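Everything below belongs to work_29.txt, which stores compact mmCIF, N, CA and C atoms.
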# COMPACT_ATOMS: atom_id res chain seq x y z
N LEU F 82 -9.96 17.42 -8.73
CA LEU F 82 -9.82 16.41 -7.70
C LEU F 82 -8.63 16.75 -6.79
N GLN F 83 -7.53 17.16 -7.40
CA GLN F 83 -6.35 17.46 -6.61
C GLN F 83 -6.60 18.63 -5.66
N GLN F 84 -7.32 19.65 -6.11
CA GLN F 84 -7.60 20.79 -5.25
C GLN F 84 -8.51 20.39 -4.09
N ALA F 85 -9.47 19.50 -4.34
CA ALA F 85 -10.36 19.03 -3.27
C ALA F 85 -9.58 18.24 -2.23
N VAL F 86 -8.64 17.40 -2.68
CA VAL F 86 -7.83 16.63 -1.75
C VAL F 86 -6.94 17.55 -0.92
N VAL F 87 -6.38 18.58 -1.56
CA VAL F 87 -5.54 19.54 -0.83
C VAL F 87 -6.35 20.26 0.24
N GLN F 88 -7.59 20.65 -0.06
CA GLN F 88 -8.43 21.34 0.92
C GLN F 88 -8.73 20.43 2.11
N VAL F 89 -9.00 19.16 1.85
CA VAL F 89 -9.28 18.22 2.95
C VAL F 89 -8.03 18.03 3.79
N LEU F 90 -6.89 17.87 3.14
CA LEU F 90 -5.66 17.64 3.89
C LEU F 90 -5.19 18.88 4.65
N GLU F 91 -5.52 20.07 4.15
CA GLU F 91 -5.16 21.31 4.86
C GLU F 91 -5.78 21.32 6.26
N GLY F 92 -6.99 20.79 6.39
CA GLY F 92 -7.65 20.74 7.69
C GLY F 92 -7.00 19.76 8.63
N LEU F 93 -6.17 18.85 8.12
CA LEU F 93 -5.50 17.86 8.94
C LEU F 93 -4.11 18.28 9.38
N ARG F 94 -3.64 19.40 8.88
CA ARG F 94 -2.28 19.86 9.21
C ARG F 94 -2.15 20.04 10.71
N PRO F 95 -1.04 19.56 11.30
CA PRO F 95 -0.88 19.66 12.75
C PRO F 95 -0.68 21.10 13.19
N PRO F 96 -1.29 21.47 14.33
CA PRO F 96 -1.07 22.81 14.88
C PRO F 96 0.32 22.91 15.50
N PRO F 97 0.75 24.11 15.86
CA PRO F 97 2.07 24.26 16.49
C PRO F 97 2.16 23.49 17.80
N ALA F 98 3.38 23.17 18.21
CA ALA F 98 3.61 22.40 19.43
C ALA F 98 3.04 23.14 20.65
N GLU F 99 2.35 22.37 21.51
CA GLU F 99 1.72 22.96 22.69
C GLU F 99 2.34 22.45 23.99
N GLY F 100 2.91 21.27 23.98
CA GLY F 100 3.47 20.69 25.20
C GLY F 100 3.77 19.23 24.96
N ASP F 101 4.02 18.53 26.08
CA ASP F 101 4.42 17.13 25.96
C ASP F 101 3.33 16.15 26.36
N THR F 102 2.12 16.60 26.56
CA THR F 102 1.07 15.68 26.98
C THR F 102 0.61 14.83 25.80
N VAL F 103 0.00 13.70 26.12
CA VAL F 103 -0.49 12.79 25.07
C VAL F 103 -1.54 13.49 24.22
N LEU F 104 -2.40 14.26 24.86
CA LEU F 104 -3.44 14.97 24.12
C LEU F 104 -2.85 15.98 23.16
N SER F 105 -1.81 16.67 23.58
CA SER F 105 -1.20 17.64 22.68
C SER F 105 -0.46 16.95 21.54
N LEU F 106 0.16 15.80 21.82
CA LEU F 106 0.81 15.04 20.75
C LEU F 106 -0.23 14.53 19.75
N TRP F 107 -1.37 14.07 20.28
CA TRP F 107 -2.43 13.60 19.38
C TRP F 107 -2.93 14.75 18.52
N SER F 108 -3.11 15.93 19.11
CA SER F 108 -3.60 17.06 18.32
C SER F 108 -2.56 17.50 17.29
N ARG F 109 -1.27 17.27 17.57
CA ARG F 109 -0.23 17.63 16.60
C ARG F 109 -0.16 16.65 15.44
N TYR F 110 -0.34 15.37 15.72
CA TYR F 110 -0.08 14.35 14.71
C TYR F 110 -1.33 13.65 14.19
N ARG F 111 -2.50 14.11 14.55
CA ARG F 111 -3.72 13.45 14.09
C ARG F 111 -3.87 13.52 12.58
N GLY F 112 -3.37 14.56 11.98
CA GLY F 112 -3.42 14.67 10.52
C GLY F 112 -2.58 13.61 9.84
N TYR F 113 -1.37 13.38 10.38
CA TYR F 113 -0.51 12.34 9.82
C TYR F 113 -1.12 10.95 10.01
N VAL F 114 -1.67 10.72 11.21
CA VAL F 114 -2.29 9.42 11.48
C VAL F 114 -3.51 9.22 10.59
N GLY F 115 -4.32 10.26 10.45
CA GLY F 115 -5.50 10.17 9.58
C GLY F 115 -5.11 9.95 8.13
N TYR F 116 -4.09 10.65 7.68
CA TYR F 116 -3.64 10.48 6.30
C TYR F 116 -3.07 9.08 6.08
N THR F 117 -2.31 8.57 7.04
CA THR F 117 -1.74 7.23 6.92
C THR F 117 -2.85 6.19 6.85
N ALA F 118 -3.87 6.32 7.69
CA ALA F 118 -5.00 5.39 7.66
C ALA F 118 -5.76 5.50 6.34
N ALA F 119 -5.97 6.71 5.86
CA ALA F 119 -6.67 6.90 4.58
C ALA F 119 -5.84 6.34 3.43
N MET F 120 -4.53 6.51 3.46
CA MET F 120 -3.67 5.96 2.41
C MET F 120 -3.69 4.44 2.43
N ALA F 121 -3.71 3.86 3.63
CA ALA F 121 -3.79 2.39 3.73
C ALA F 121 -5.09 1.89 3.12
N PHE F 122 -6.19 2.56 3.40
CA PHE F 122 -7.48 2.16 2.83
C PHE F 122 -7.48 2.36 1.32
N TRP F 123 -6.91 3.46 0.85
CA TRP F 123 -6.82 3.76 -0.58
C TRP F 123 -6.03 2.67 -1.30
N GLU F 124 -4.92 2.26 -0.71
CA GLU F 124 -4.09 1.20 -1.28
C GLU F 124 -4.81 -0.14 -1.23
N LEU F 125 -5.54 -0.39 -0.18
CA LEU F 125 -6.32 -1.62 -0.05
C LEU F 125 -7.34 -1.74 -1.18
N LEU F 126 -7.90 -0.62 -1.58
CA LEU F 126 -8.87 -0.62 -2.68
C LEU F 126 -8.20 -0.72 -4.05
N GLY F 127 -6.90 -0.53 -4.10
CA GLY F 127 -6.17 -0.63 -5.36
C GLY F 127 -6.31 0.58 -6.25
N LEU F 128 -6.60 1.73 -5.68
CA LEU F 128 -6.75 2.95 -6.46
C LEU F 128 -5.39 3.60 -6.69
N SER F 129 -5.32 4.47 -7.68
CA SER F 129 -4.07 5.16 -7.98
C SER F 129 -3.71 6.10 -6.85
N THR F 130 -2.48 6.01 -6.38
CA THR F 130 -2.06 6.82 -5.23
C THR F 130 -1.36 8.11 -5.65
N ILE F 131 -1.09 8.28 -6.92
CA ILE F 131 -0.32 9.45 -7.37
C ILE F 131 -0.98 10.78 -7.01
N PRO F 132 -2.29 11.00 -7.29
CA PRO F 132 -2.86 12.31 -6.94
C PRO F 132 -2.93 12.54 -5.44
N VAL F 133 -3.17 11.48 -4.68
CA VAL F 133 -3.26 11.63 -3.22
C VAL F 133 -1.90 11.95 -2.63
N GLU F 134 -0.87 11.26 -3.09
CA GLU F 134 0.48 11.53 -2.58
C GLU F 134 0.97 12.91 -2.98
N THR F 135 0.61 13.35 -4.17
CA THR F 135 1.00 14.69 -4.61
C THR F 135 0.35 15.76 -3.74
N ALA F 136 -0.94 15.59 -3.47
CA ALA F 136 -1.64 16.55 -2.63
C ALA F 136 -1.10 16.53 -1.20
N ALA F 137 -0.79 15.34 -0.69
CA ALA F 137 -0.24 15.24 0.67
C ALA F 137 1.12 15.91 0.75
N ALA F 138 1.93 15.78 -0.29
CA ALA F 138 3.24 16.45 -0.30
C ALA F 138 3.09 17.96 -0.28
N MET F 139 2.04 18.47 -0.93
CA MET F 139 1.79 19.91 -0.92
C MET F 139 1.39 20.40 0.47
N VAL F 140 0.69 19.55 1.20
CA VAL F 140 0.19 19.95 2.51
C VAL F 140 1.20 19.67 3.62
N PHE F 141 1.73 18.47 3.66
CA PHE F 141 2.58 18.04 4.77
C PHE F 141 4.07 18.19 4.50
N SER F 142 4.47 18.45 3.29
CA SER F 142 5.87 18.55 2.88
C SER F 142 6.55 17.18 3.02
N TRP F 143 7.78 17.14 3.52
CA TRP F 143 8.53 15.89 3.56
C TRP F 143 7.95 14.84 4.49
N PRO F 144 7.32 15.17 5.61
CA PRO F 144 6.73 14.11 6.43
C PRO F 144 5.67 13.28 5.70
N ALA F 145 5.14 13.80 4.60
CA ALA F 145 4.16 13.04 3.82
C ALA F 145 4.78 11.79 3.24
N ALA F 146 6.08 11.81 2.97
CA ALA F 146 6.74 10.62 2.42
C ALA F 146 6.70 9.46 3.41
N VAL F 147 6.94 9.76 4.67
CA VAL F 147 6.89 8.71 5.71
C VAL F 147 5.46 8.23 5.89
N ALA F 148 4.51 9.16 5.95
CA ALA F 148 3.11 8.78 6.12
C ALA F 148 2.61 7.98 4.92
N SER F 149 3.01 8.37 3.71
CA SER F 149 2.60 7.64 2.50
C SER F 149 3.19 6.24 2.47
N ALA F 150 4.48 6.15 2.77
CA ALA F 150 5.13 4.84 2.76
C ALA F 150 4.52 3.91 3.80
N THR F 151 4.23 4.45 4.98
CA THR F 151 3.62 3.64 6.03
C THR F 151 2.22 3.20 5.62
N GLY F 152 1.43 4.13 5.10
CA GLY F 152 0.07 3.79 4.67
C GLY F 152 0.06 2.79 3.53
N LYS F 153 0.96 2.96 2.56
CA LYS F 153 1.03 2.02 1.44
C LYS F 153 1.47 0.64 1.91
N LEU F 154 2.41 0.59 2.83
CA LEU F 154 2.84 -0.70 3.36
C LEU F 154 1.71 -1.40 4.10
N LEU F 155 1.01 -0.66 4.95
CA LEU F 155 -0.12 -1.24 5.68
C LEU F 155 -1.22 -1.71 4.73
N GLY F 156 -1.56 -0.88 3.75
CA GLY F 156 -2.61 -1.24 2.80
C GLY F 156 -2.24 -2.43 1.94
N ALA F 157 -1.01 -2.45 1.42
CA ALA F 157 -0.56 -3.56 0.58
C ALA F 157 -0.47 -4.86 1.38
N SER F 158 0.01 -4.77 2.61
CA SER F 158 0.09 -5.97 3.45
C SER F 158 -1.29 -6.50 3.78
N THR F 159 -2.21 -5.60 4.08
CA THR F 159 -3.58 -6.02 4.38
C THR F 159 -4.24 -6.64 3.16
N ALA F 160 -4.04 -6.03 1.98
CA ALA F 160 -4.60 -6.59 0.75
C ALA F 160 -4.03 -7.98 0.47
N PHE F 161 -2.73 -8.14 0.66
CA PHE F 161 -2.11 -9.44 0.45
C PHE F 161 -2.69 -10.47 1.42
N TRP F 162 -2.83 -10.08 2.68
CA TRP F 162 -3.37 -10.99 3.69
C TRP F 162 -4.81 -11.38 3.36
N ILE F 163 -5.63 -10.41 2.95
CA ILE F 163 -7.01 -10.71 2.57
C ILE F 163 -7.02 -11.63 1.35
N GLY F 164 -6.18 -11.34 0.38
CA GLY F 164 -6.10 -12.18 -0.81
C GLY F 164 -5.61 -13.58 -0.51
N ARG F 165 -4.73 -13.72 0.46
CA ARG F 165 -4.19 -15.03 0.80
C ARG F 165 -5.15 -15.85 1.66
N THR F 166 -5.97 -15.18 2.46
CA THR F 166 -6.84 -15.92 3.38
C THR F 166 -8.27 -16.00 2.85
N TRP F 167 -9.00 -14.92 2.89
CA TRP F 167 -10.43 -14.93 2.59
C TRP F 167 -10.73 -15.05 1.11
N LEU F 168 -9.90 -14.47 0.26
CA LEU F 168 -10.21 -14.43 -1.17
C LEU F 168 -9.29 -15.33 -1.99
N GLN F 169 -8.72 -16.38 -1.40
CA GLN F 169 -7.77 -17.24 -2.10
C GLN F 169 -8.36 -17.80 -3.39
N ASP F 170 -9.59 -18.31 -3.35
CA ASP F 170 -10.20 -18.90 -4.55
C ASP F 170 -10.47 -17.85 -5.62
N VAL F 171 -10.93 -16.68 -5.19
CA VAL F 171 -11.22 -15.60 -6.15
C VAL F 171 -9.93 -15.12 -6.81
N VAL F 172 -8.90 -14.93 -6.01
CA VAL F 172 -7.61 -14.47 -6.54
C VAL F 172 -7.05 -15.49 -7.52
N GLU F 173 -7.10 -16.77 -7.16
CA GLU F 173 -6.58 -17.81 -8.05
C GLU F 173 -7.38 -17.86 -9.35
N ALA F 174 -8.69 -17.69 -9.28
CA ALA F 174 -9.53 -17.72 -10.49
C ALA F 174 -9.24 -16.53 -11.40
N LYS F 175 -9.05 -15.35 -10.83
CA LYS F 175 -8.85 -14.14 -11.63
C LYS F 175 -7.42 -14.00 -12.16
N PHE F 176 -6.44 -14.30 -11.31
CA PHE F 176 -5.06 -14.03 -11.66
C PHE F 176 -4.24 -15.29 -11.96
N GLY F 177 -4.77 -16.46 -11.68
CA GLY F 177 -4.01 -17.70 -11.86
C GLY F 177 -3.67 -18.00 -13.30
N SER F 178 -4.49 -17.54 -14.25
CA SER F 178 -4.24 -17.84 -15.66
C SER F 178 -3.40 -16.76 -16.35
N ASN F 179 -3.00 -15.73 -15.65
CA ASN F 179 -2.18 -14.68 -16.24
C ASN F 179 -0.79 -15.24 -16.54
N PRO F 180 -0.36 -15.19 -17.82
CA PRO F 180 0.93 -15.81 -18.17
C PRO F 180 2.13 -15.18 -17.45
N THR F 181 2.10 -13.88 -17.26
CA THR F 181 3.22 -13.23 -16.57
C THR F 181 3.28 -13.66 -15.12
N LEU F 182 2.13 -13.72 -14.46
CA LEU F 182 2.12 -14.16 -13.07
C LEU F 182 2.51 -15.63 -12.96
N GLN F 183 2.12 -16.45 -13.94
CA GLN F 183 2.53 -17.86 -13.92
C GLN F 183 4.04 -17.98 -14.04
N MET F 184 4.63 -17.18 -14.92
CA MET F 184 6.08 -17.21 -15.09
C MET F 184 6.78 -16.78 -13.79
N MET F 185 6.28 -15.72 -13.17
CA MET F 185 6.88 -15.26 -11.91
C MET F 185 6.72 -16.30 -10.81
N ARG F 186 5.58 -16.98 -10.80
CA ARG F 186 5.34 -18.03 -9.80
C ARG F 186 6.34 -19.17 -9.99
N GLN F 187 6.56 -19.58 -11.23
CA GLN F 187 7.51 -20.66 -11.51
C GLN F 187 8.93 -20.25 -11.13
N GLN F 188 9.32 -19.05 -11.48
CA GLN F 188 10.66 -18.59 -11.15
C GLN F 188 10.85 -18.49 -9.64
N SER F 189 9.83 -18.05 -8.95
CA SER F 189 9.91 -17.94 -7.49
C SER F 189 10.08 -19.32 -6.87
N ALA F 190 9.35 -20.31 -7.39
CA ALA F 190 9.44 -21.67 -6.84
C ALA F 190 10.77 -22.33 -7.19
N GLN F 191 11.29 -22.08 -8.39
CA GLN F 191 12.53 -22.73 -8.83
C GLN F 191 13.75 -22.13 -8.13
N ARG F 192 13.77 -20.85 -8.01
CA ARG F 192 14.96 -20.19 -7.45
C ARG F 192 14.91 -20.03 -5.94
N HIS F 193 13.77 -20.26 -5.37
CA HIS F 193 13.61 -20.08 -3.92
C HIS F 193 14.02 -18.68 -3.50
N ALA F 194 13.58 -17.70 -4.28
CA ALA F 194 13.95 -16.31 -4.03
C ALA F 194 12.69 -15.46 -3.90
N PRO F 195 11.98 -15.56 -2.78
CA PRO F 195 10.75 -14.78 -2.66
C PRO F 195 11.00 -13.28 -2.65
N TRP F 196 12.13 -12.83 -2.11
CA TRP F 196 12.41 -11.39 -2.08
C TRP F 196 12.62 -10.85 -3.49
N LEU F 197 13.29 -11.63 -4.33
CA LEU F 197 13.49 -11.22 -5.71
C LEU F 197 12.15 -11.12 -6.44
N SER F 198 11.30 -12.10 -6.23
CA SER F 198 9.97 -12.06 -6.86
C SER F 198 9.16 -10.86 -6.37
N ALA F 199 9.25 -10.59 -5.07
CA ALA F 199 8.51 -9.45 -4.52
C ALA F 199 9.02 -8.13 -5.10
N LEU F 200 10.34 -7.99 -5.22
CA LEU F 200 10.90 -6.76 -5.80
C LEU F 200 10.53 -6.61 -7.27
N LEU F 201 10.62 -7.70 -8.02
CA LEU F 201 10.24 -7.65 -9.43
C LEU F 201 8.78 -7.25 -9.59
N MET F 202 7.93 -7.79 -8.73
CA MET F 202 6.52 -7.46 -8.80
C MET F 202 6.27 -6.00 -8.41
N LYS F 203 6.94 -5.54 -7.39
CA LYS F 203 6.72 -4.17 -6.93
C LYS F 203 7.17 -3.15 -7.97
N PHE F 204 8.25 -3.43 -8.68
CA PHE F 204 8.76 -2.50 -9.67
C PHE F 204 8.19 -2.73 -11.07
N SER F 205 7.26 -3.67 -11.19
CA SER F 205 6.66 -3.95 -12.50
C SER F 205 5.61 -2.89 -12.84
N CYS F 206 5.11 -2.95 -14.06
CA CYS F 206 4.13 -1.96 -14.50
C CYS F 206 2.70 -2.43 -14.28
N PHE F 207 2.50 -3.45 -13.46
CA PHE F 207 1.15 -3.90 -13.14
C PHE F 207 0.43 -2.87 -12.29
N PRO F 208 -0.89 -2.79 -12.37
CA PRO F 208 -1.66 -1.93 -11.46
C PRO F 208 -1.52 -2.43 -10.01
N GLU F 209 -1.76 -1.52 -9.08
CA GLU F 209 -1.62 -1.85 -7.66
C GLU F 209 -2.49 -3.03 -7.24
N THR F 210 -3.66 -3.16 -7.80
CA THR F 210 -4.56 -4.26 -7.43
C THR F 210 -3.91 -5.60 -7.75
N ILE F 211 -3.30 -5.70 -8.91
CA ILE F 211 -2.65 -6.96 -9.29
C ILE F 211 -1.41 -7.19 -8.44
N LYS F 212 -0.68 -6.13 -8.15
CA LYS F 212 0.51 -6.28 -7.31
C LYS F 212 0.14 -6.78 -5.92
N ASN F 213 -0.92 -6.23 -5.36
CA ASN F 213 -1.27 -6.58 -3.98
C ASN F 213 -2.05 -7.88 -3.87
N TYR F 214 -3.07 -8.04 -4.71
CA TYR F 214 -3.91 -9.23 -4.61
C TYR F 214 -3.38 -10.36 -5.47
N GLY F 215 -2.76 -10.06 -6.61
CA GLY F 215 -2.26 -11.10 -7.51
C GLY F 215 -1.14 -11.92 -6.91
N THR F 216 -0.27 -11.29 -6.15
CA THR F 216 0.82 -12.04 -5.53
C THR F 216 0.32 -12.98 -4.45
N ALA F 217 -0.90 -12.80 -4.01
CA ALA F 217 -1.45 -13.74 -3.02
C ALA F 217 -1.66 -15.10 -3.64
N ALA F 218 -1.69 -15.20 -4.96
CA ALA F 218 -1.82 -16.48 -5.64
C ALA F 218 -0.51 -17.25 -5.64
N PHE F 219 0.60 -16.58 -5.30
CA PHE F 219 1.89 -17.29 -5.22
C PHE F 219 1.88 -18.12 -3.95
N LEU F 220 1.85 -19.40 -4.09
CA LEU F 220 1.89 -20.26 -2.91
C LEU F 220 3.34 -20.48 -2.51
N PRO F 221 3.62 -20.50 -1.21
CA PRO F 221 5.02 -20.70 -0.78
C PRO F 221 5.50 -22.10 -1.15
N SER F 222 6.76 -22.20 -1.55
CA SER F 222 7.32 -23.50 -1.86
C SER F 222 7.76 -24.19 -0.58
N VAL F 223 7.52 -25.49 -0.51
CA VAL F 223 7.86 -26.26 0.67
C VAL F 223 8.98 -27.23 0.30
N ASN F 224 10.09 -27.17 1.03
CA ASN F 224 11.24 -28.07 0.76
C ASN F 224 11.37 -29.06 1.86
Now, as a test, write the supplied structure out as structure tokens.
Amino acid sequence: LQQAVVQVLEGLRPPPAEGDTVLSLWSRYRGYVGYTAAMAFWELLGLSTIPVETAAAMVFSWPAAVASATGKLLGASTAFWIGRTWLQDVVEAKFGSNPTLQMMRQQSAQRHAPWLSALLMKFSCFPETIKNYGTAAFLPSVN
């Protein structure tokens, strides 16, 4: 799988600089834009990003870190938004009874610290799907 991903990403590598026109900039960075969009979609689906990010690092080197971070942020934000709006009932039914998520929800409401809850969730050992869609079950506290 990793070799197949590397071959696909090799075709997206930007060519050498040609000039300052918009078309030449697009031809230089289309691989990064394509990879960022693909990473956002991958994150939206909740799939493991480790093999994709490893292959991208082999192809793009350090710029892959920026493209990966951007794609993951876009995908996670989109998943959260979908979970909060369109899939609110489904998310609440699937993740609402999870004791760990209930505890985090209570702590978030009591301490009024949404950033702390978000950081704890991001650094937890939950799968990406639960991190992105499960936190949509956290309703904001109103004071």
Applying 7 Å and only C-alpha atoms, which residues near Ala121 of chain F remain after dropping the ones on its own chain fewer than 3 positions away? List them as a compact mmCIF listing (two decimals) with N, CA and C atoms, in the coordinates of the input.
# COMPACT_ATOMS: atom_id res chain seq x y z
N THR F 117 -2.31 8.57 7.04
CA THR F 117 -1.74 7.23 6.92
C THR F 117 -2.85 6.19 6.85
N ALA F 118 -3.87 6.32 7.69
CA ALA F 118 -5.00 5.39 7.66
C ALA F 118 -5.76 5.50 6.34
N GLU F 124 -4.92 2.26 -0.71
CA GLU F 124 -4.09 1.20 -1.28
C GLU F 124 -4.81 -0.14 -1.23
N LEU F 125 -5.54 -0.39 -0.18
CA LEU F 125 -6.32 -1.62 -0.05
C LEU F 125 -7.34 -1.74 -1.18
N GLY F 152 1.43 4.13 5.10
CA GLY F 152 0.07 3.79 4.67
C GLY F 152 0.06 2.79 3.53
N LYS F 153 0.96 2.96 2.56
CA LYS F 153 1.03 2.02 1.44
C LYS F 153 1.47 0.64 1.91
N LEU F 155 1.01 -0.66 4.95
CA LEU F 155 -0.12 -1.24 5.68
C LEU F 155 -1.22 -1.71 4.73
N GLY F 156 -1.56 -0.88 3.75
CA GLY F 156 -2.61 -1.24 2.80
C GLY F 156 -2.24 -2.43 1.94
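One finds atom N of Thr151 of chain F at 14.5 Å from atom C of Ala138 of chain F.
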Interatomic distance (Å, one decimal) between atom C of Tyr110 of chain F and atom N of Ala85 of chain F: 21.1 Å
For atom CA of Ala137 of chain F and atom CA of Ala217 of chain F, quote the distance in Å rounded to one decimal. 29.2 Å
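Candidate residues F:Glu134, F:Tyr214, F:Gln88, F:Ala146 were compared for distance to Ala174 of chain F, and the nearest is F:Tyr214, using only C-alpha atoms.
Taking all atoms listed in the file into account, Val133 of chain F lies nearest to F:Val86 out of the set F:Ala150, F:Met185, F:Val86, F:Leu197.
The smallest atom-to-atom distance between Gln84 of chain F and any of F:Ala136, F:Val114, F:Val147, F:Val171, using only C-alpha atoms, is found for F:Ala136.
The shortest atom-to-atom distance to Thr216 of chain F, with only N, CA and C atoms taken into account, belongs to F:Arg165 out of F:Thr135, F:Trp196, F:Arg165, F:Met184.
Minimum atom-to-atom distance to Thr159 of chain F, evaluated using only C-alpha atoms, belongs to F:Phe122 out of F:Phe122, F:Val87, F:Ile211, F:Lys203.
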If you run DSSP on the backbone, which residues of segment 112-205 of chain F are alpha helix (DSSP H), as a VMD selection string? chain F and resid 112 to 126 131 to 141 144 to 165 169 to 176 180 to 192 195 to 203
Selected residue of minimal separation from Ala199 of chain F among F:Leu126, F:Val140, F:Ile163, F:Ala157, counting only C-alpha atoms: F:Ala157
